[in-house]
Every structure is written in C-alpha cells, then in structure tokens.
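As stored in data.pdb (PDB, C-alpha atoms):
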MODEL        1
ATOM      1  CA  MET O  16     -33.076  32.350 -60.736
ATOM      2  CA  THR O  17     -36.158  31.695 -58.612
ATOM      3  CA  SER O  18     -39.284  33.676 -59.472
ATOM      4  CA  GLY O  19     -41.902  34.363 -56.810
ATOM      5  CA  SER O  20     -39.448  33.785 -53.976
ATOM      6  CA  VAL O  21     -39.244  35.958 -50.889
ATOM      7  CA  CYS O  22     -36.926  36.301 -47.934
ATOM      8  CA  LEU O  23     -38.728  35.924 -44.618
ATOM      9  CA  THR O  24     -36.707  37.564 -41.860
ATOM     10  CA  LEU O  25     -37.398  36.689 -38.223
ATOM     11  CA  ILE O  26     -35.826  38.466 -35.233
ATOM     12  CA  LEU O  27     -36.424  37.345 -31.680
ATOM     13  CA  PRO O  28     -34.741  37.215 -28.257
ATOM     14  CA  ARG O  29     -31.620  35.036 -28.244
ATOM     15  CA  GLN O  30     -32.920  32.913 -25.362
ATOM     16  CA  LEU O  31     -35.527  31.535 -27.816
ATOM     17  CA  ARG O  32     -32.888  30.564 -30.392
ATOM     18  CA  ASP O  33     -32.907  26.796 -29.816
ATOM     19  CA  GLU O  34     -36.690  26.691 -29.590
ATOM     20  CA  LEU O  35     -37.023  28.541 -32.908
ATOM     21  CA  PHE O  36     -34.372  26.397 -34.616
ATOM     22  CA  ASP O  37     -36.097  23.211 -33.454
ATOM     23  CA  TYR O  38     -39.457  24.596 -34.551
ATOM     24  CA  LEU O  39     -38.212  25.529 -38.017
ATOM     25  CA  GLY O  40     -36.579  22.103 -38.334
ATOM     26  CA  GLU O  41     -40.010  20.537 -37.801
ATOM     27  CA  GLN O  42     -41.606  22.576 -40.612
ATOM     28  CA  THR O  43     -40.192  20.324 -43.335
ATOM     29  CA  ASP O  44     -43.127  20.940 -45.680
ATOM     30  CA  LEU O  45     -42.205  24.658 -45.864
ATOM     31  CA  VAL O  46     -38.597  25.150 -44.718
ATOM     32  CA  ARG O  47     -35.731  23.536 -46.625
ATOM     33  CA  GLY O  48     -33.082  25.466 -44.697
ATOM     34  CA  PHE O  49     -32.293  28.842 -43.204
ATOM     35  CA  THR O  50     -29.439  31.116 -42.226
ATOM     36  CA  ALA O  51     -29.102  32.580 -38.746
ATOM     37  CA  SER O  52     -26.868  35.013 -36.938
ATOM     38  CA  ASP O  53     -26.658  36.760 -33.599
ATOM     39  CA  ALA O  54     -27.835  40.372 -33.549
ATOM     40  CA  ALA O  55     -28.035  43.362 -31.214
ATOM     41  CA  GLY O  56     -31.490  44.952 -31.038
ATOM     42  CA  HIS O  57     -31.768  48.707 -30.523
ATOM     43  CA  GLY O  58     -34.739  51.064 -30.378
ATOM     44  CA  ALA O  59     -37.855  52.000 -28.484
ATOM     45  CA  GLY O  60     -39.668  48.755 -29.331
ATOM     46  CA  VAL O  61     -36.860  46.483 -28.150
ATOM     47  CA  ARG O  62     -37.308  44.839 -24.747
ATOM     48  CA  LEU O  63     -34.142  44.828 -22.632
ATOM     49  CA  GLN O  64     -34.910  41.755 -20.550
ATOM     50  CA  SER O  65     -31.808  41.198 -18.454
ATOM     51  CA  PRO O  66     -29.622  43.475 -16.335
ATOM     52  CA  ALA O  67     -26.741  42.765 -18.735
ATOM     53  CA  GLU O  68     -28.838  43.966 -21.686
ATOM     54  CA  ARG O  69     -29.772  47.134 -19.807
ATOM     55  CA  VAL O  70     -26.106  47.837 -19.103
ATOM     56  CA  LYS O  71     -25.096  47.144 -22.720
ATOM     57  CA  GLY O  72     -28.029  49.169 -24.028
ATOM     58  CA  HIS O  73     -29.163  46.546 -26.534
ATOM     59  CA  ALA O  74     -31.058  43.276 -26.576
ATOM     60  CA  ASP O  75     -29.313  40.022 -27.452
ATOM     61  CA  GLN O  76     -31.243  38.661 -30.392
ATOM     62  CA  VAL O  77     -31.077  36.112 -33.180
ATOM     63  CA  ILE O  78     -31.941  36.888 -36.789
ATOM     64  CA  VAL O  79     -33.092  34.207 -39.231
ATOM     65  CA  TRP O  80     -33.420  34.463 -43.019
ATOM     66  CA  ILE O  81     -35.479  31.943 -44.967
ATOM     67  CA  ILE O  82     -35.862  31.957 -48.777
ATOM     68  CA  LEU O  83     -39.113  30.350 -49.907
ATOM     69  CA  PRO O  84     -42.131  30.899 -52.163
ATOM     70  CA  ARG O  85     -44.416  33.751 -51.050
ATOM     71  CA  SER O  86     -47.350  31.436 -50.302
ATOM     72  CA  ASP O  87     -45.131  29.213 -48.123
ATOM     73  CA  ALA O  88     -43.786  32.278 -46.291
ATOM     74  CA  GLU O  89     -47.321  33.351 -45.440
ATOM     75  CA  ARG O  90     -48.231  29.849 -44.231
ATOM     76  CA  LEU O  91     -45.050  29.629 -42.138
ATOM     77  CA  LEU O  92     -45.657  33.064 -40.668
ATOM     78  CA  ASP O  93     -49.177  32.005 -39.612
ATOM     79  CA  ARG O  94     -47.669  29.000 -37.813
ATOM     80  CA  VAL O  95     -44.934  31.091 -36.180
ATOM     81  CA  ARG O  96     -47.528  33.613 -34.980
ATOM     82  CA  ALA O  97     -49.486  30.812 -33.297
ATOM     83  CA  SER O  98     -46.429  29.193 -31.712
ATOM     84  CA  PHE O  99     -44.481  32.302 -30.650
ATOM     85  CA  THR O 100     -47.258  34.610 -29.435
ATOM     86  CA  GLY O 101     -46.022  37.067 -26.814
ATOM     87  CA  THR O 102     -42.316  36.702 -27.675
ATOM     88  CA  ASN O 103     -41.919  40.117 -29.327
ATOM     89  CA  LEU O 104     -40.837  38.391 -32.548
ATOM     90  CA  VAL O 105     -40.227  40.883 -35.355
ATOM     91  CA  TYR O 106     -40.558  39.864 -39.001
ATOM     92  CA  TRP O 107     -40.613  41.180 -42.530
ATOM     93  CA  ILE O 108     -40.895  39.742 -46.023
ATOM     94  CA  LEU O 109     -38.925  41.040 -49.013
ATOM     95  CA  PRO O 110     -38.996  39.884 -52.640
ATOM     96  CA  VAL O 111     -35.952  37.966 -53.885
ATOM     97  CA  ALA O 112     -34.820  38.878 -57.401
ATOM     98  CA  GLU O 113     -32.516  35.902 -57.675
ATOM     99  CA  PHE O 114     -31.473  32.942 -55.531
ATOM    100  CA  GLY O 115     -29.175  30.053 -56.265
ATOM    101  CA  THR O 116     -26.086  28.097 -55.353
ATOM    102  CA  ILE O 117     -22.656  28.368 -56.926
ATOM    103  CA  ASP O 118     -21.096  24.915 -56.738
TER     104      ASP O 118
ENDMDL
END

How would this structure read if it were set down as structure tokens?
Amino acid sequence: MTSGSVCLTLILPRQLRDELFDYLGEQTDLVRGFTASDAAGHGAGVRLQSPAERVKGHADQVIVWIILPRSDAERLLDRVRASFTGTNLVYWILPVAEFGTID
C-alpha cells in the first residue's frame, strides 16, 4: 500500500501522443512509468480537429495515468502546463487508496 499517492490523469489529442510520451520519459525525477490508452473524446469542450473526427463525432485522444506522490503530481502538472500550453490538455488528480505489483 502506498499512502499519499495520487493518480494524475492526462487526456490530449492523439497527434500529440509521441510528444507527450517523450516528454514524460524525460521527467525521470518525477515519473517512474505510466499507462496509456487511446480514447474517444465527446462533449461540448472537445475540439474536433480533422474532417474524420467531425464525421465520427468524437476526437481521437490519448489518455495517460501516472501514479505518484501528490507533491510530485503537482510539480509535474506545473511542467506539463508550461510545455503543453494551448493543446486543450485535460487533467485530473484522484487519491489512490492502494497501489502495488503482484509478482
């Protein structure tokens, strides 16, 4: 069990996937690893950027989950804000009751 841990969730346009993955890989003082998946963004705040997205009715996005201490999440989020300004990146932070690995 890890006390004081949070899950930082990041959602952004899929075309920024490689850039975000490279960026997170450079943040070795804060990020030990992360999980990512493709997602379909829906809603009034979602930007449909391509004709294909407008036809499908959803935005192609990537979602990333990172488990880390709350203070590290806040520091990482400050860095992400500075590096990904204007990208319509969505985020939230949730407490993690327990985190571990079953080997």

May I ask for the distance between CA of Val105 (chain O) and CA of Leu25 (chain O), given in Å to one decimal place?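 Result for CA of Val105 (chain O) versus CA of Leu25 (chain O): 5.8 Å, one decimal.
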
Which is closer to Leu83 (chain O) than all the others in O:Val46, O:Ala97, O:Leu39, O:Ala54, using all atoms listed in the file?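 So, comparing all the options, the nearest one is O:Val46.
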
Run the PyMOL selection byres ((chain O and resi 77) around 10) against the file shown and list the residues it catches, as a list in words.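 The output of the PyMOL selection byres ((chain O and resi 77) around 10) on this file is Leu25, Ile26, Leu27, Pro28, Arg29, Gln30, Leu31, Arg32, Leu35, Ala51, Ser52, Asp53, Ala54, Ala55, Gly56, Ala74, Asp75, Gln76, Ile78 and Val79 of chain O.
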
Find the residue from O:Gly48, O:Glu113, O:Gly40, O:Ile108 that sits nearest to Arg85 (chain O); use only C-alpha atoms when measuring.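 When distances to Arg85 (chain O) are compared using only C-alpha atoms, the smallest one comes from O:Ile108.
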
CA of Arg96 (chain O) and CA of Glu41 (chain O), how far apart in Å? 15.3 Å

Rounded to one decimal place, report the CA of Thr116 (chain O)-CA of Asp33 (chain O) distance in Å. 26.5 Å

From O:Thr24, O:Ile81, O:Glu89, O:Gly19, residue lying nearest Arg47 (chain O) [only C-alpha atoms]: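 Result for the nearest residue to Arg47 (chain O): O:Ile81.
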
Nearest residue to Asp44 (chain O) from the set O:Ala88, O:Leu104, O:Ala112, O:Ile117 (distances using only C-alpha atoms):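 Of the candidates, the smallest distance to Asp44 (chain O) is held by O:Ala88.
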
Starting from the displayed file, determine the output of the PyMOL selection byres ((chain O and resi 111) around 9) and express the residue list as a PDB file with C-alpha atoms, in the frame of the given file.
ATOM      1  CA  THR O  17     -36.158  31.695 -58.612  1.00  0.00           C
ATOM      2  CA  SER O  18     -39.284  33.676 -59.472  1.00  0.00           C
ATOM      3  CA  GLY O  19     -41.902  34.363 -56.810  1.00  0.00           C
ATOM      4  CA  SER O  20     -39.448  33.785 -53.976  1.00  0.00           C
ATOM      5  CA  VAL O  21     -39.244  35.958 -50.889  1.00  0.00           C
ATOM      6  CA  CYS O  22     -36.926  36.301 -47.934  1.00  0.00           C
ATOM      7  CA  ILE O  82     -35.862  31.957 -48.777  1.00  0.00           C
ATOM      8  CA  LEU O 109     -38.925  41.040 -49.013  1.00  0.00           C
ATOM      9  CA  PRO O 110     -38.996  39.884 -52.640  1.00  0.00           C
ATOM     10  CA  ALA O 112     -34.820  38.878 -57.401  1.00  0.00           C
ATOM     11  CA  GLU O 113     -32.516  35.902 -57.675  1.00  0.00           C
ATOM     12  CA  PHE O 114     -31.473  32.942 -55.531  1.00  0.00           C
TER      13      PHE O 114
END
